[in-house]
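Source file: data-v8.txt; contents: compact mmCIF, C-alpha atoms and all ligand atoms.
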```
# COMPACT_ATOMS: atom_id res chain seq x y z
CA MET L 523 -44.51 -128.36 112.10
CA LYS L 524 -43.09 -128.99 108.69
CA ARG L 525 -44.67 -127.29 105.70
CA VAL L 526 -44.76 -129.26 102.52
CA LYS L 527 -44.14 -127.54 99.20
CA ILE L 528 -46.82 -128.56 96.79
CA LYS L 529 -48.17 -127.22 93.54
CA CYS L 530 -51.71 -127.06 92.29
CA PRO L 531 -52.23 -129.88 89.75
CA TYR L 532 -54.80 -127.76 87.88
CA CYS L 533 -52.97 -124.48 87.33
CA GLY L 534 -49.41 -125.04 88.56
CA ALA L 535 -49.53 -122.28 91.20
CA ARG L 536 -48.10 -122.95 94.65
CA ALA L 537 -50.35 -124.16 97.42
CA THR L 538 -50.12 -122.47 100.80
CA LEU L 539 -51.25 -123.67 104.21
CA ARG L 540 -54.26 -121.67 105.35
CA PRO L 541 -56.88 -121.88 108.09
CA ALA L 542 -60.34 -123.25 107.30
CA ALA L 543 -61.80 -119.74 107.60
CA ALA L 544 -59.85 -118.70 104.49
CA LEU L 545 -62.13 -121.10 102.58
CA GLY L 546 -65.24 -119.76 104.24
CA LYS L 547 -65.42 -122.82 106.48
CA THR L 548 -66.36 -121.26 109.78
CA ALA L 549 -68.60 -123.91 111.38
CA SER L 550 -67.28 -125.23 114.71
CA GLY L 551 -66.40 -128.58 113.12
CA TYR L 552 -63.69 -126.80 111.11
CA ALA L 553 -62.03 -125.16 114.13
CA GLY L 554 -58.28 -125.73 114.03
CA LYS L 555 -58.37 -127.37 110.61
CA ARG L 556 -55.95 -126.21 107.97
CA TYR L 557 -55.78 -126.69 104.26
CA TYR L 558 -53.29 -126.50 101.45
CA VAL L 559 -54.96 -124.01 99.16
CA CYS L 560 -54.02 -123.03 95.61
CA ALA L 561 -52.45 -119.52 95.59
CA ARG L 562 -54.99 -118.56 92.90
CA TYR L 563 -57.98 -119.43 95.10
CA PRO L 564 -60.84 -118.58 94.67
CA PHE L 565 -60.20 -118.31 90.91
CA CYS L 566 -58.77 -121.79 91.07
CA ASP L 567 -60.92 -123.74 93.52
CA ALA L 568 -58.43 -126.40 94.56
CA TYR L 569 -57.44 -127.42 98.07
CA VAL L 570 -56.84 -130.38 100.34
CA GLU L 571 -56.99 -130.76 104.11
CA ALA L 572 -53.78 -130.95 106.15
CA HIS L 573 -53.27 -133.57 108.85
CA ALA L 574 -53.81 -131.93 112.23
CA ARG L 575 -50.61 -133.28 113.74
CA SER L 576 -48.09 -133.72 110.96
CA GLY L 577 -49.33 -130.83 108.82
CA LYS L 578 -48.90 -133.01 105.76
CA PRO L 579 -51.51 -132.85 103.01
CA MET L 580 -54.08 -135.67 103.16
CA GLY L 581 -53.75 -136.18 99.43
CA SER L 582 -53.52 -134.12 96.29
CA LEU L 583 -55.26 -130.78 95.80
CA ALA L 584 -58.78 -131.30 94.48
CA ASN L 585 -61.32 -129.08 92.79
CA LYS L 586 -64.99 -129.08 93.74
CA GLN L 587 -65.95 -132.01 91.54
CA LEU L 588 -63.06 -134.18 92.70
CA ARG L 589 -63.73 -133.29 96.36
CA TRP L 590 -67.33 -134.37 95.87
CA LYS L 591 -66.27 -137.65 94.25
CA ARG L 592 -63.75 -138.42 97.00
CA ARG L 593 -66.45 -137.87 99.61
CA ALA L 594 -68.80 -140.19 97.71
CA ALA L 595 -66.05 -142.82 97.45
CA HIS L 596 -65.39 -142.54 101.21
CA ASP L 597 -69.10 -142.98 101.89
CA ALA L 598 -69.24 -146.03 99.62
CA MET L 599 -66.27 -147.58 101.44
CA GLU L 600 -67.82 -146.87 104.83
CA ARG L 601 -70.93 -148.81 103.84
CA LEU L 602 -68.76 -151.93 103.52
CA TRP L 603 -67.84 -152.05 107.18
CA GLU L 604 -71.08 -150.52 108.43
CA ARG L 605 -72.93 -153.43 106.79
CA GLY L 606 -70.38 -155.90 108.10
CA LEU L 607 -69.15 -157.00 104.66
CA MET L 608 -65.55 -156.53 105.73
CA SER L 609 -63.49 -154.66 108.30
CA LYS L 610 -62.09 -151.24 107.47
CA ALA L 611 -58.58 -152.70 107.23
CA ALA L 612 -59.78 -155.48 104.92
CA ALA L 613 -61.64 -152.97 102.76
CA TYR L 614 -58.47 -150.95 102.18
CA ARG L 615 -56.50 -154.13 101.43
CA TRP L 616 -59.19 -155.03 98.92
CA LEU L 617 -58.79 -151.60 97.25
CA GLN L 618 -55.05 -152.13 97.07
CA LEU L 619 -55.51 -155.50 95.38
CA LYS L 620 -58.19 -154.29 92.99
CA PHE L 621 -56.06 -151.40 91.75
CA GLY L 622 -52.72 -153.15 92.13
CA ILE L 623 -51.29 -150.26 94.16
CA PRO L 624 -48.99 -150.18 97.20
CA VAL L 625 -50.47 -149.54 100.65
CA GLU L 626 -49.20 -145.93 100.77
CA GLU L 627 -51.23 -145.11 97.67
CA ALA L 628 -54.43 -146.76 98.86
CA HIS L 629 -55.90 -143.49 100.15
CA ILE L 630 -58.96 -141.98 98.58
CA GLY L 631 -57.40 -138.54 99.11
CA ARG L 632 -54.94 -139.45 96.39
CA PHE L 633 -57.46 -140.85 93.96
CA SER L 634 -58.49 -139.31 90.64
CA GLU L 635 -62.12 -138.89 89.59
CA TYR L 636 -61.87 -142.07 87.54
CA ARG L 637 -60.58 -144.10 90.46
CA CYS L 638 -63.26 -142.67 92.77
CA ASP L 639 -65.93 -143.73 90.25
CA GLU L 640 -64.40 -147.21 90.24
CA VAL L 641 -64.46 -147.39 94.05
CA ILE L 642 -68.13 -146.41 94.12
CA ARG L 643 -69.00 -148.94 91.42
CA MET L 644 -67.06 -151.78 93.08
CA CYS L 645 -68.60 -151.08 96.49
CA GLU L 646 -72.11 -151.02 95.03
CA GLU L 647 -71.45 -154.30 93.25
CA LEU L 648 -70.35 -155.95 96.51
CA ILE L 649 -73.34 -154.63 98.43
CA ASN L 650 -75.77 -155.69 95.70
CA ARG L 651 -74.27 -159.15 95.66
CA GLN L 652 -74.70 -159.38 99.43
CA THR L 653 -78.32 -158.26 99.38
CA ALA L 654 -79.12 -160.67 96.51
CA ALA L 655 -77.63 -163.66 98.36
ZN ZN O 1 -54.75 -123.92 91.10
```

Let me see the file written as structure tokens.
Ligand SMILES: [Zn+2]
Amino acid sequence: MKRVKIKCPYCGARATLRPAAALGKTASGYAGKRYYVCARYPFCDAYVEAHARSGKPMGSLANKQLRWKRRAAHDAMERLWERGLMSKAAAYRWLQLKFGIPVEEAHIGRFSEYRCDEVIRMCEELINRQTAA
């Protein structure tokens, strides 16, 4: 497995690949999961999950607030296909178009707090429009 060299966007320290337990994530759902964690953790609370197979980071390192926003943006997106507004593939194409970004950047794991807020707002708008119709 290839390790990727990445730096923490908050403090500039290197990020190292560590098991979930290093972050205090010991529930069975975290078994086998690994994360790129800022070398200054826990003083700098930034990390991102690694893909199980490729070992590549799923996005950029995120602090607690950004992790929370990315989760909220994911949940907002999920509502689109759970309510049958559009398929998952169509929802990600829609994101791409809305932000004018290439497909490889249309991952919430790469999004900033601002972009996550936009995703949540746009999804709510679509859902409200559907329920009003
Ligand atoms: Zn850091």

Pick from L:Lys547, L:Lys586, L:Arg605, L:Arg562 nearest to ligand ZN 1 (chain O), counting only C-alpha atoms and all ligand atoms: L:Arg562

Counting all atoms listed in the file, the option among L:Glu627, L:Ser576, L:Leu607, L:Gly551 closest to Asn650 of chain L: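 Smallest distance to Asn650 of chain L is found for L:Leu607.
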
Contacts with ligand ZN 1 (chain O) at most 7 Å, all atoms listed in the file counted, listed as number ranges by chain: L: 530-535, 560-563, 566-568

Distance criterion (only C-alpha atoms): nearest to Lys555 of chain L out of L:Cys638, L:Met580, L:Ala611, L:Ala537: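 Of all the options, L:Met580 lies closest to Lys555 of chain L.
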
Point-to-point distance from atom CA of Lys529 of chain L to atom CA of Arg637 of chain L, Å rounded to tenths: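 So the answer is 21.2 Å.
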
Nearby residues (all atoms listed in the file) at most 8 Å from Ala598 of chain L, same-chain spacing under 4 positions excluded, as a PyMOL selection string: chain L and resi 594+602+641-642+645-646

Near-Ala542 of chain L list (7 Å; all atoms listed in the file; drop same-chain fewer than 4 positions) as a PyMOL selection string: chain L and resi 546-548+552+555-557

Residues within 7 Å of Gly581 of chain L, only C-alpha atoms, excluding chain neighbours under 5 positions, as an MDAnalysis selection string: chainID L and resid 570 631:632

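Between atom CA of Thr653 of chain L and atom CA of Met599 of chain L there is a distance of 16.2 Å.
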
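Relative to atom CA of Leu617 of chain L, atom CA of Leu648 of chain L is found at 12.4 Å.
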
Counting only C-alpha atoms, the option among L:Lys620, L:Arg536, L:Arg601, L:Arg592 closest to Val559 of chain L: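 Checking each of L:Lys620, L:Arg536, L:Arg601, L:Arg592 against Val559 of chain L, counting only C-alpha atoms, the winner is L:Arg536.
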
For Lys578 of chain L, the nearest of the candidates L:Ile649, L:Met644, L:Ala628, L:Leu539, counting only C-alpha atoms: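 Nearest to Lys578 of chain L: L:Leu539.
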
From L:Ala584, L:Arg593, L:Pro624, L:Leu545, residue lying nearest Pro564 of chain L [only C-alpha atoms]: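 Selected residue with least distance to Pro564 of chain L: L:Leu545.
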
Glu635 of chain L surroundings by only C-alpha atoms, 9 Å radius, close-in-sequence under 6 positions cut, as JSON, numbers by chain: {"L": [587, 588, 589, 591, 592]}

Writing N, CA and C atoms and nothing else, produce segment 629-652 of chain L as a PDB file, in the first residue's frame.
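Here's the written file decode-v9.pdb:
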```pdb
ATOM      1  N   HIS L 629     -16.222  15.914  -4.402  1.00  0.00           N
ATOM      2  CA  HIS L 629     -16.278  15.026  -3.243  1.00  0.00           C
ATOM      3  C   HIS L 629     -16.367  15.904  -2.009  1.00  0.00           C
ATOM      4  N   ILE L 630     -17.319  15.599  -1.166  1.00  0.00           N
ATOM      5  CA  ILE L 630     -17.519  16.430   0.014  1.00  0.00           C
ATOM      6  C   ILE L 630     -16.281  16.405   0.918  1.00  0.00           C
ATOM      7  N   GLY L 631     -15.536  15.296   0.869  1.00  0.00           N
ATOM      8  CA  GLY L 631     -14.302  15.201   1.651  1.00  0.00           C
ATOM      9  C   GLY L 631     -13.264  16.242   1.286  1.00  0.00           C
ATOM     10  N   ARG L 632     -13.456  16.888   0.148  1.00  0.00           N
ATOM     11  CA  ARG L 632     -12.516  17.934  -0.264  1.00  0.00           C
ATOM     12  C   ARG L 632     -13.070  19.323  -0.015  1.00  0.00           C
ATOM     13  N   PHE L 633     -14.320  19.397   0.407  1.00  0.00           N
ATOM     14  CA  PHE L 633     -14.974  20.692   0.507  1.00  0.00           C
ATOM     15  C   PHE L 633     -14.578  21.473   1.756  1.00  0.00           C
ATOM     16  N   SER L 634     -14.596  22.795   1.611  1.00  0.00           N
ATOM     17  CA  SER L 634     -14.357  23.714   2.727  1.00  0.00           C
ATOM     18  C   SER L 634     -15.667  23.869   3.507  1.00  0.00           C
ATOM     19  N   GLU L 635     -15.568  24.575   4.640  1.00  0.00           N
ATOM     20  CA  GLU L 635     -16.784  24.828   5.424  1.00  0.00           C
ATOM     21  C   GLU L 635     -17.798  25.610   4.601  1.00  0.00           C
ATOM     22  N   TYR L 636     -17.306  26.594   3.859  1.00  0.00           N
ATOM     23  CA  TYR L 636     -18.205  27.417   3.048  1.00  0.00           C
ATOM     24  C   TYR L 636     -18.958  26.554   2.038  1.00  0.00           C
ATOM     25  N   ARG L 637     -18.219  25.689   1.355  1.00  0.00           N
ATOM     26  CA  ARG L 637     -18.862  24.865   0.333  1.00  0.00           C
ATOM     27  C   ARG L 637     -19.844  23.871   0.958  1.00  0.00           C
ATOM     28  N   CYS L 638     -19.513  23.355   2.139  1.00  0.00           N
ATOM     29  CA  CYS L 638     -20.435  22.453   2.833  1.00  0.00           C
ATOM     30  C   CYS L 638     -21.729  23.189   3.167  1.00  0.00           C
ATOM     31  N   ASP L 639     -21.601  24.432   3.657  1.00  0.00           N
ATOM     32  CA  ASP L 639     -22.790  25.237   3.966  1.00  0.00           C
ATOM     33  C   ASP L 639     -23.646  25.418   2.719  1.00  0.00           C
ATOM     34  N   GLU L 640     -22.980  25.647   1.586  1.00  0.00           N
ATOM     35  CA  GLU L 640     -23.697  25.823   0.326  1.00  0.00           C
ATOM     36  C   GLU L 640     -24.446  24.542  -0.064  1.00  0.00           C
ATOM     37  N   VAL L 641     -23.788  23.399   0.102  1.00  0.00           N
ATOM     38  CA  VAL L 641     -24.424  22.117  -0.226  1.00  0.00           C
ATOM     39  C   VAL L 641     -25.693  21.942   0.607  1.00  0.00           C
ATOM     40  N   ILE L 642     -25.572  22.205   1.906  1.00  0.00           N
ATOM     41  CA  ILE L 642     -26.709  22.029   2.807  1.00  0.00           C
ATOM     42  C   ILE L 642     -27.848  22.966   2.395  1.00  0.00           C
ATOM     43  N   ARG L 643     -27.508  24.212   2.104  1.00  0.00           N
ATOM     44  CA  ARG L 643     -28.519  25.191   1.706  1.00  0.00           C
ATOM     45  C   ARG L 643     -29.206  24.790   0.393  1.00  0.00           C
ATOM     46  N   MET L 644     -28.396  24.379  -0.594  1.00  0.00           N
ATOM     47  CA  MET L 644     -28.961  24.001  -1.895  1.00  0.00           C
ATOM     48  C   MET L 644     -29.857  22.760  -1.787  1.00  0.00           C
ATOM     49  N   CYS L 645     -29.454  21.799  -0.967  1.00  0.00           N
ATOM     50  CA  CYS L 645     -30.255  20.586  -0.806  1.00  0.00           C
ATOM     51  C   CYS L 645     -31.589  20.920  -0.129  1.00  0.00           C
ATOM     52  N   GLU L 646     -31.515  21.787   0.897  1.00  0.00           N
ATOM     53  CA  GLU L 646     -32.748  22.171   1.598  1.00  0.00           C
ATOM     54  C   GLU L 646     -33.701  22.883   0.656  1.00  0.00           C
ATOM     55  N   GLU L 647     -33.140  23.740  -0.174  1.00  0.00           N
ATOM     56  CA  GLU L 647     -33.946  24.488  -1.143  1.00  0.00           C
ATOM     57  C   GLU L 647     -34.684  23.527  -2.082  1.00  0.00           C
ATOM     58  N   LEU L 648     -33.956  22.527  -2.575  1.00  0.00           N
ATOM     59  CA  LEU L 648     -34.572  21.542  -3.494  1.00  0.00           C
ATOM     60  C   LEU L 648     -35.683  20.771  -2.806  1.00  0.00           C
ATOM     61  N   ILE L 649     -35.420  20.353  -1.576  1.00  0.00           N
ATOM     62  CA  ILE L 649     -36.399  19.554  -0.838  1.00  0.00           C
ATOM     63  C   ILE L 649     -37.635  20.384  -0.508  1.00  0.00           C
ATOM     64  N   ASN L 650     -37.401  21.641  -0.111  1.00  0.00           N
ATOM     65  CA  ASN L 650     -38.536  22.531   0.179  1.00  0.00           C
ATOM     66  C   ASN L 650     -39.399  22.763  -1.053  1.00  0.00           C
ATOM     67  N   ARG L 651     -38.718  22.912  -2.197  1.00  0.00           N
ATOM     68  CA  ARG L 651     -39.450  23.141  -3.436  1.00  0.00           C
ATOM     69  C   ARG L 651     -40.299  21.912  -3.783  1.00  0.00           C
ATOM     70  N   GLN L 652     -39.758  20.727  -3.485  1.00  0.00           N
ATOM     71  CA  GLN L 652     -40.487  19.507  -3.788  1.00  0.00           C
ATOM     72  C   GLN L 652     -41.712  19.365  -2.885  1.00  0.00           C
TER      73      GLN L 652
END
```
